[in-house]
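Trainee: One file is attached below, model-v1.cif, containing mmCIF, C-alpha atoms.
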data_upload
#
loop_
_atom_site.group_PDB
_atom_site.id
_atom_site.type_symbol
_atom_site.label_atom_id
_atom_site.label_comp_id
_atom_site.auth_asym_id
_atom_site.auth_seq_id
_atom_site.Cartn_x
_atom_site.Cartn_y
_atom_site.Cartn_z
ATOM 1 C CA MET E 1 22.671 23.955 -30.509
ATOM 2 C CA LYS E 2 19.465 25.663 -31.630
ATOM 3 C CA LYS E 3 18.663 22.690 -33.850
ATOM 4 C CA ILE E 4 19.104 20.295 -30.928
ATOM 5 C CA ALA E 5 16.889 22.445 -28.713
ATOM 6 C CA THR E 6 14.239 22.634 -31.427
ATOM 7 C CA LEU E 7 14.277 18.864 -31.942
ATOM 8 C CA LEU E 8 14.014 18.278 -28.194
ATOM 9 C CA PHE E 9 11.084 20.686 -27.949
ATOM 10 C CA VAL E 10 9.285 18.924 -30.800
ATOM 11 C CA TYR E 11 9.978 15.505 -29.266
ATOM 12 C CA LEU E 12 8.597 16.517 -25.862
ATOM 13 C CA GLY E 13 5.555 18.016 -27.514
ATOM 14 C CA VAL E 14 4.876 14.783 -29.388
ATOM 15 C CA GLN E 15 5.276 12.734 -26.182
ATOM 16 C CA ALA E 16 2.807 14.940 -24.311
ATOM 17 C CA ALA E 17 0.333 14.772 -27.180
ATOM 18 C CA GLN E 18 0.484 10.966 -27.221
ATOM 19 C CA ALA E 19 0.076 10.495 -23.461
ATOM 20 C CA GLY E 20 -3.140 8.791 -22.384
ATOM 21 C CA ILE E 21 -5.249 8.850 -19.231
ATOM 22 C CA LEU E 22 -5.092 5.734 -17.047
ATOM 23 C CA ILE E 23 -8.167 4.771 -15.049
ATOM 24 C CA GLU E 24 -7.859 1.388 -13.357
ATOM 25 C CA PRO E 25 -10.406 0.329 -10.710
ATOM 26 C CA TYR E 26 -9.673 -2.897 -8.870
ATOM 27 C CA LEU E 27 -11.030 -5.308 -6.283
ATOM 28 C CA GLY E 28 -8.813 -7.599 -4.247
ATOM 29 C CA TYR E 29 -8.136 -9.535 -1.067
ATOM 30 C CA GLU E 30 -5.370 -8.824 1.441
ATOM 31 C CA VAL E 31 -3.595 -11.064 3.931
ATOM 32 C CA GLY E 32 -0.905 -9.719 6.214
ATOM 33 C CA ALA E 33 0.988 -10.069 9.463
ATOM 34 C CA ILE E 34 1.967 -7.659 12.228
ATOM 35 C CA LYS E 35 4.589 -8.202 14.916
ATOM 36 C CA ALA E 36 5.856 -5.689 17.461
ATOM 37 C CA THR E 37 8.151 -6.061 20.471
ATOM 38 C CA LEU E 38 7.125 -3.920 23.426
ATOM 39 C CA SER E 39 9.640 -1.401 24.719
ATOM 40 C CA THR E 40 10.724 -1.464 28.352
ATOM 41 C CA ALA E 41 8.542 1.563 29.140
ATOM 42 C CA TYR E 42 5.440 0.114 27.510
ATOM 43 C CA SER E 43 6.031 -3.309 29.084
ATOM 44 C CA THR E 44 6.197 -1.624 32.481
ATOM 45 C CA ALA E 45 3.007 0.355 31.802
ATOM 46 C CA LEU E 46 1.148 -2.859 30.927
ATOM 47 C CA SER E 47 2.775 -4.863 33.750
ATOM 48 C CA VAL E 48 4.037 -7.540 31.369
ATOM 49 C CA PRO E 49 7.556 -8.985 30.948
ATOM 50 C CA ASP E 50 10.046 -6.799 29.117
ATOM 51 C CA GLY E 51 10.227 -7.688 25.413
ATOM 52 C CA THR E 52 6.705 -9.130 25.194
ATOM 53 C CA GLU E 53 5.500 -9.385 21.593
ATOM 54 C CA LEU E 54 2.243 -8.127 20.121
ATOM 55 C CA ALA E 55 1.409 -10.233 17.072
ATOM 56 C CA GLY E 56 -1.482 -10.903 14.737
ATOM 57 C CA LYS E 57 -2.714 -11.362 11.198
ATOM 58 C CA THR E 58 -4.869 -9.131 9.024
ATOM 59 C CA GLU E 59 -7.180 -10.064 6.186
ATOM 60 C CA GLY E 60 -9.896 -8.299 4.263
ATOM 61 C CA THR E 61 -11.360 -6.981 1.040
ATOM 62 C CA VAL E 62 -9.485 -4.248 -0.801
ATOM 63 C CA LEU E 63 -11.078 -1.633 -3.065
ATOM 64 C CA GLY E 64 -9.004 0.894 -4.979
ATOM 65 C CA ALA E 65 -8.147 2.590 -8.247
ATOM 66 C CA ARG E 66 -5.153 3.951 -10.134
ATOM 67 C CA ILE E 67 -5.659 7.294 -11.833
ATOM 68 C CA GLY E 68 -2.835 8.775 -13.888
ATOM 69 C CA TYR E 69 -1.101 8.929 -17.246
ATOM 70 C CA THR E 70 0.210 6.343 -19.679
ATOM 71 C CA LEU E 71 3.241 7.358 -21.739
ATOM 72 C CA PRO E 72 3.997 6.191 -25.282
ATOM 73 C CA VAL E 73 7.135 4.331 -24.137
ATOM 74 C CA LEU E 74 5.144 1.752 -22.113
ATOM 75 C CA PHE E 75 5.564 3.637 -18.807
ATOM 76 C CA TRP E 76 2.785 4.976 -16.610
ATOM 77 C CA VAL E 77 2.411 6.985 -13.397
ATOM 78 C CA ALA E 78 -0.658 7.161 -11.181
ATOM 79 C CA LEU E 79 -2.156 8.125 -7.854
ATOM 80 C CA GLU E 80 -3.749 5.181 -6.094
ATOM 81 C CA PRO E 81 -6.265 5.618 -3.269
ATOM 82 C CA THR E 82 -7.128 2.297 -1.629
ATOM 83 C CA MET E 83 -9.262 1.024 1.240
ATOM 84 C CA MET E 84 -9.315 -2.311 3.082
ATOM 85 C CA THR E 85 -11.997 -3.614 5.463
ATOM 86 C CA GLY E 86 -11.659 -6.897 7.313
ATOM 87 C CA LYS E 87 -10.429 -8.536 10.492
ATOM 88 C CA TYR E 88 -7.401 -8.626 12.778
ATOM 89 C CA LYS E 89 -6.771 -12.053 14.312
ATOM 90 C CA ALA E 90 -4.520 -12.053 17.358
ATOM 91 C CA SER E 91 -1.696 -14.580 17.535
ATOM 92 C CA ASN E 92 -1.214 -14.201 21.305
ATOM 93 C CA THR E 93 -3.209 -13.153 24.369
ATOM 94 C CA LEU E 94 -1.921 -9.572 24.506
ATOM 95 C CA THR E 95 -4.431 -8.417 21.882
ATOM 96 C CA LEU E 96 -7.946 -9.458 20.890
ATOM 97 C CA ASP E 97 -9.539 -10.383 17.576
ATOM 98 C CA CYS E 98 -11.225 -7.278 16.191
ATOM 99 C CA ASP E 99 -12.447 -5.393 13.145
ATOM 100 C CA SER E 100 -9.714 -3.934 10.975
ATOM 101 C CA SER E 101 -9.574 -1.258 8.286
ATOM 102 C CA ARG E 102 -6.891 0.486 6.274
ATOM 103 C CA THR E 103 -6.774 3.574 4.040
ATOM 104 C CA GLN E 104 -3.792 4.505 1.887
ATOM 105 C CA LEU E 105 -2.757 6.871 -0.885
ATOM 106 C CA PHE E 106 0.056 5.664 -3.131
ATOM 107 C CA ILE E 107 1.927 7.239 -5.985
ATOM 108 C CA ASP E 108 2.885 4.503 -8.463
ATOM 109 C CA ALA E 109 5.285 4.212 -11.388
ATOM 110 C CA GLY E 110 5.054 1.216 -13.684
ATOM 111 C CA VAL E 111 5.767 -0.308 -17.052
ATOM 112 C CA ASP E 112 3.582 -2.456 -19.315
ATOM 113 C CA PHE E 113 5.742 -5.048 -21.024
ATOM 114 C CA PRO E 114 4.819 -6.338 -24.501
ATOM 115 C CA ILE E 115 4.794 -9.906 -23.114
ATOM 116 C CA LEU E 116 1.486 -9.916 -21.226
ATOM 117 C CA LEU E 117 3.116 -8.655 -18.032
ATOM 118 C CA ARG E 118 3.275 -5.374 -16.157
ATOM 119 C CA ALA E 119 5.175 -4.285 -13.064
ATOM 120 C CA TRP E 120 5.199 -1.281 -10.743
ATOM 121 C CA ILE E 121 6.522 0.196 -7.546
ATOM 122 C CA GLY E 122 4.665 2.534 -5.225
ATOM 123 C CA TYR E 123 5.164 4.814 -2.256
ATOM 124 C CA GLY E 124 2.348 5.234 0.245
ATOM 125 C CA MET E 125 2.250 8.921 1.146
ATOM 126 C CA THR E 126 -0.496 8.176 3.672
ATOM 127 C CA ASN E 127 -1.126 4.897 5.469
ATOM 128 C CA GLU E 128 -3.631 4.507 8.320
ATOM 129 C CA TRP E 129 -4.534 1.181 9.886
ATOM 130 C CA SER E 130 -7.285 0.927 12.497
ATOM 131 C CA ALA E 131 -8.160 -1.946 14.825
ATOM 132 C CA LYS E 132 -11.459 -1.684 16.720
ATOM 133 C CA ASP E 133 -12.461 -3.854 19.683
ATOM 134 C CA LEU E 134 -14.619 -3.425 22.793
ATOM 135 C CA SER E 135 -11.984 -1.221 24.454
ATOM 136 C CA GLY E 136 -11.902 1.287 21.577
ATOM 137 C CA THR E 137 -10.085 1.957 18.313
ATOM 138 C CA ALA E 138 -6.318 1.969 17.944
ATOM 139 C CA LYS E 139 -4.982 3.868 14.925
ATOM 140 C CA TYR E 140 -1.524 3.495 13.432
ATOM 141 C CA THR E 141 -0.368 6.051 10.860
ATOM 142 C CA GLY E 142 2.724 6.307 8.682
ATOM 143 C CA SER E 143 3.834 5.409 5.168
ATOM 144 C CA ALA E 144 4.244 2.316 2.989
ATOM 145 C CA THR E 145 6.117 0.903 0.015
ATOM 146 C CA LYS E 146 4.972 -1.681 -2.497
ATOM 147 C CA VAL E 147 6.014 -3.747 -5.494
ATOM 148 C CA GLY E 148 3.533 -5.330 -7.854
ATOM 149 C CA VAL E 149 3.210 -7.468 -10.959
ATOM 150 C CA GLY E 150 0.239 -8.056 -13.225
ATOM 151 C CA PHE E 151 -0.745 -10.641 -15.832
ATOM 152 C CA THR E 152 -2.607 -9.129 -18.777
ATOM 153 C CA GLY E 153 -3.175 -12.222 -20.903
ATOM 154 C CA LEU E 154 -6.925 -12.220 -20.300
ATOM 155 C CA PRO E 155 -9.290 -9.903 -22.221
ATOM 156 C CA PHE E 156 -9.696 -6.450 -20.624
ATOM 157 C CA VAL E 157 -8.546 -7.374 -17.101
ATOM 158 C CA SER E 158 -5.247 -7.641 -15.227
ATOM 159 C CA ILE E 159 -4.581 -10.219 -12.501
ATOM 160 C CA ASN E 160 -2.307 -8.542 -9.949
ATOM 161 C CA LEU E 161 -0.123 -9.564 -7.022
ATOM 162 C CA GLU E 162 1.377 -6.929 -4.688
ATOM 163 C CA TYR E 163 3.660 -7.045 -1.663
ATOM 164 C CA ILE E 164 3.316 -4.066 0.688
ATOM 165 C CA THR E 165 5.562 -3.073 3.590
ATOM 166 C CA HIS E 166 3.947 -0.813 6.184
ATOM 167 C CA ASN E 167 5.951 1.722 8.173
ATOM 168 C CA PHE E 168 4.135 3.250 11.140
ATOM 169 C CA ASN E 169 5.452 6.137 13.215
ATOM 170 C CA LYS E 170 2.394 7.217 15.226
ATOM 171 C CA VAL E 171 -0.193 5.359 17.286
ATOM 172 C CA THR E 172 -3.296 6.708 19.048
ATOM 173 C CA GLY E 173 -6.027 5.016 21.068
ATOM 174 C CA LEU E 174 -3.927 2.009 22.103
ATOM 175 C CA ALA E 175 -4.340 1.249 25.803
ATOM 176 C CA GLY E 176 -1.423 2.076 28.086
ATOM 177 C CA THR E 177 0.885 3.688 25.524
ATOM 178 C CA VAL E 178 3.597 5.962 26.891
ATOM 179 C CA SER E 179 3.372 8.423 23.945
ATOM 180 C CA ASP E 180 1.959 8.626 20.439
ATOM 181 C CA LYS E 181 5.317 7.654 18.901
ATOM 182 C CA VAL E 182 5.529 4.043 17.787
ATOM 183 C CA SER E 183 9.259 4.012 18.598
ATOM 184 C CA ASP E 184 8.536 4.897 22.252
ATOM 185 C CA ASN E 185 6.178 1.950 22.673
ATOM 186 C CA PHE E 186 7.836 -0.731 20.556
ATOM 187 C CA SER E 187 11.520 -1.563 20.247
ATOM 188 C CA SER E 188 10.895 -3.200 16.862
ATOM 189 C CA THR E 189 7.951 -3.533 14.479
ATOM 190 C CA THR E 190 7.285 -5.412 11.256
ATOM 191 C CA SER E 191 4.112 -5.183 9.210
ATOM 192 C CA ALA E 192 3.576 -6.447 5.678
ATOM 193 C CA SER E 193 0.726 -7.678 3.513
ATOM 194 C CA THR E 194 0.076 -9.360 0.182
ATOM 195 C CA VAL E 195 -2.802 -8.343 -2.065
ATOM 196 C CA LEU E 196 -4.276 -10.419 -4.894
ATOM 197 C CA SER E 197 -6.564 -8.340 -7.098
ATOM 198 C CA VAL E 198 -8.383 -8.093 -10.416
ATOM 199 C CA SER E 199 -8.310 -4.729 -12.166
ATOM 200 C CA LEU E 200 -9.684 -3.108 -15.306
ATOM 201 C CA PRO E 201 -6.906 -0.918 -16.787
ATOM 202 C CA LEU E 202 -8.408 1.640 -19.167
ATOM 203 C CA ASP E 203 -6.105 3.748 -21.334
ATOM 204 C CA LEU E 204 -8.291 6.631 -22.542
#
For this file, produce the structure as structure tokens.
Mentor:
Amino acid sequence: MKKIATLLFVYLGVQAAQAGILIEPYLGYEVGAIKATLSTAYSTALSVPDGTELAGKTEGTVLGARIGYTLPVLFWVALEPTMMTGKYKASNTLTLDCDSSRTQLFIDAGVDFPILLRAWIGYGMTNEWSAKDLSGTAKYTGSATKVGVGFTGLPFVSINLEYITHNFNKVTGLAGTVSDKVSDNFSSTTSASTVLSVSLPLDL
């Protein structure tokens, strides 16, 4: 038993010694869609038919970075702050086209395959999306989840594609809302985006 414990201790020490630091800045472009069905209470507050939908599309430039550790068994973990600035384009008359921005903080876990590919999943611990028009700024806050893949066949850079699902539980600044809970104002919501990016993964 002591021999096993000693071997395990040595193994863990070697793994820690071989771990590298991951620094991966990236620049990308996001396209997404938002759809929400108004609750009965919110429909009444806005004097619109019950079940009216709020819908639109988002697009913009994304700037971010992954900062973490690479492990000797091809795995890596990282924190990922990211910021998007762009536009919201309304799909119906209930909302207006406006400026849009998003800030998020993900924790990612991924693997670099020896076949010019990499993949990861991430959880957005913070997720804030803002839409600003002449009437003010509406802010939605919550969490997010993502999956991503990258192609590393080019020198130095990785070409990445991510799919992100946004989960909002609080809204402020939106005209006529009955509370700051998303669930009180909308009976259903869906929000997702796709990001195409180019990154520079550095294993130091």
Trainee: Can you tell me which residues surround Lys89 of chain E at a distance of at most 6 Å, considering all atoms listed in the file, apart from same-chain residues fewer than 5 positions away, and format the answer as a list in words?
Mentor: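 Returned residues: Gly56, Lys57 and Asp97 of chain E.
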Trainee: Residues within 12 Å of Glu80 of chain E, please, as a PDB file with C-alpha atoms, in the frame of the given file. Count all atoms listed in the file; anything in the same chain fewer than 6 positions from it doesn't count.
Mentor:
ATOM      1  CA  LEU E  22      -5.092   5.734 -17.047  1.00  0.00           C
ATOM      2  CA  ILE E  23      -8.167   4.771 -15.049  1.00  0.00           C
ATOM      3  CA  GLU E  24      -7.859   1.388 -13.357  1.00  0.00           C
ATOM      4  CA  PRO E  25     -10.406   0.329 -10.710  1.00  0.00           C
ATOM      5  CA  TYR E  26      -9.673  -2.897  -8.870  1.00  0.00           C
ATOM      6  CA  LEU E  63     -11.078  -1.633  -3.065  1.00  0.00           C
ATOM      7  CA  GLY E  64      -9.004   0.894  -4.979  1.00  0.00           C
ATOM      8  CA  ALA E  65      -8.147   2.590  -8.247  1.00  0.00           C
ATOM      9  CA  ARG E  66      -5.153   3.951 -10.134  1.00  0.00           C
ATOM     10  CA  ILE E  67      -5.659   7.294 -11.833  1.00  0.00           C
ATOM     11  CA  GLY E  68      -2.835   8.775 -13.888  1.00  0.00           C
ATOM     12  CA  THR E 103      -6.774   3.574   4.040  1.00  0.00           C
ATOM     13  CA  GLN E 104      -3.792   4.505   1.887  1.00  0.00           C
ATOM     14  CA  LEU E 105      -2.757   6.871  -0.885  1.00  0.00           C
ATOM     15  CA  PHE E 106       0.056   5.664  -3.131  1.00  0.00           C
ATOM     16  CA  ILE E 107       1.927   7.239  -5.985  1.00  0.00           C
ATOM     17  CA  ASP E 108       2.885   4.503  -8.463  1.00  0.00           C
ATOM     18  CA  ALA E 109       5.285   4.212 -11.388  1.00  0.00           C
ATOM     19  CA  TRP E 120       5.199  -1.281 -10.743  1.00  0.00           C
ATOM     20  CA  ILE E 121       6.522   0.196  -7.546  1.00  0.00           C
ATOM     21  CA  GLY E 122       4.665   2.534  -5.225  1.00  0.00           C
ATOM     22  CA  TYR E 123       5.164   4.814  -2.256  1.00  0.00           C
ATOM     23  CA  GLY E 124       2.348   5.234   0.245  1.00  0.00           C
ATOM     24  CA  MET E 125       2.250   8.921   1.146  1.00  0.00           C
ATOM     25  CA  THR E 126      -0.496   8.176   3.672  1.00  0.00           C
ATOM     26  CA  ASN E 127      -1.126   4.897   5.469  1.00  0.00           C
ATOM     27  CA  LYS E 146       4.972  -1.681  -2.497  1.00  0.00           C
TER      28      LYS E 146
END
Trainee: Quick check, in Å to one decimal: how far apart do atom CA of Ser187 of chain E and atom CA of Asn169 of chain E lie?
Mentor: 12.1 Å
Trainee: Which residues, written as a PyMOL selection string, have at least one atom at most 10 Å from Asp112 of chain E, with all atoms listed in the file counted and residues fewer than 4 positions away on the same chain left out?
Mentor: chain E and resi 70+73-76+116-120+149-152
Trainee: Just give me the gap between atom CA of Ala90 of chain E and atom CA of Ala45 of chain E in Å, one decimal is fine.
Mentor: 20.5 Å
Trainee: Taking the file above as input, evaluate the PyMOL selection byres ((chain E and resi 50) around 8) and report the hits as a short mmCIF file (atom, residue, chain, number, x, y, z; two decimals) with C-alpha atoms, in the frame of the given file.
Mentor:
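part18.cif was written with the following content:
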data_model
loop_
_atom_site.label_atom_id
_atom_site.label_comp_id
_atom_site.auth_asym_id
_atom_site.auth_seq_id
_atom_site.Cartn_x
_atom_site.Cartn_y
_atom_site.Cartn_z
CA LEU E 38 7.12 -3.92 23.43
CA SER E 39 9.64 -1.40 24.72
CA THR E 40 10.72 -1.46 28.35
CA SER E 43 6.03 -3.31 29.08
CA THR E 44 6.20 -1.62 32.48
CA VAL E 48 4.04 -7.54 31.37
CA PRO E 49 7.56 -8.98 30.95
CA GLY E 51 10.23 -7.69 25.41
CA THR E 52 6.70 -9.13 25.19
#
Trainee: Taking 4 positions as the minimum chain separation for residues in the same chain, which residues sit within 10 Å of Ser91 of chain E when counting all atoms listed in the file? Answer as a ChimeraX atom specification.
Mentor: /E:33-35,53-57,95-97
Trainee: Using atom CA of Glu30 of chain E and atom CA of Ser197 of chain E as the two end points, give the distance in Å to one decimal.
Mentor: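 Atom-to-atom, atom CA of Glu30 of chain E and atom CA of Ser197 of chain E are spaced 8.6 Å apart.
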Trainee: Here is a test: counting only C-alpha atoms, which residue of E:Val77, E:Tyr29, E:Thr61, E:Tyr69 is nearest to Leu204 of chain E?
Mentor: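 The answer is E:Tyr69, which sits nearest to Leu204 of chain E.
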Trainee: May I ask which of the residues E:Ser47, E:Thr190, E:Thr172, E:Ser199 is the closest one to Leu154 of chain E, counting only C-alpha atoms?
Mentor: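 Answer, going by the shortest atom-to-atom distance: E:Ser199.
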Trainee: Convert the output of the PyMOL selection byres ((chain E and resi 178) around 8) on the shown file into explicit residues, formatted as a list in words.
Mentor: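 Those residues are Ala41, Tyr42, Ala45, Gly176, Thr177, Ser179, Asp180, Asp184 and Asn185 of chain E.
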Trainee: Just the residues within 8 Å of Leu174 of chain E, please, counting all atoms listed in the file, with nothing from its chain fewer than 4 positions along; format it as a tab-separated table (two decimals) with C-alpha atoms, in the coordinates of the input.
Mentor:
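Generated output (around-v4.tsv):
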chain	number	residue	atom	x	y	z
E	137	THR	CA	-10.09	1.96	18.31
E	138	ALA	CA	-6.32	1.97	17.94
E	139	LYS	CA	-4.98	3.87	14.92
Trainee: Tell me which residues the PyMOL selection byres ((chain E and resi 192) around 6) grabs here, as a PyMOL selection string.
Mentor: chain E and resi 32-33+164-166+191+193
Trainee: With distances taken over only C-alpha atoms, which residue among E:Ile159, E:Val147, E:Val195, E:Ala131 lies nearest Val171 of chain E?
Mentor: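 The shortest atom-to-atom distance to Val171 of chain E comes from E:Ala131.
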Trainee: Which one of E:Ile21, E:Val62, E:Ala36, E:Leu46 sits closest to Asn92 of chain E if you count only C-alpha atoms?
Mentor: E:Ala36
Trainee: E:Tyr88, E:Glu128, E:Leu200, E:Gly153: which is nearest Ile115 of chain E, counting all atoms listed in the file?
Mentor: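 Ranking E:Tyr88, E:Glu128, E:Leu200, E:Gly153 by distance to Ile115 of chain E, first place goes to E:Gly153.
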Trainee: My list of candidates is E:Ser101, E:Gly28, E:Gly20, E:Leu161. Which is closest to Leu202 of chain E when distances are computed with all atoms listed in the file?
Mentor: E:Gly20
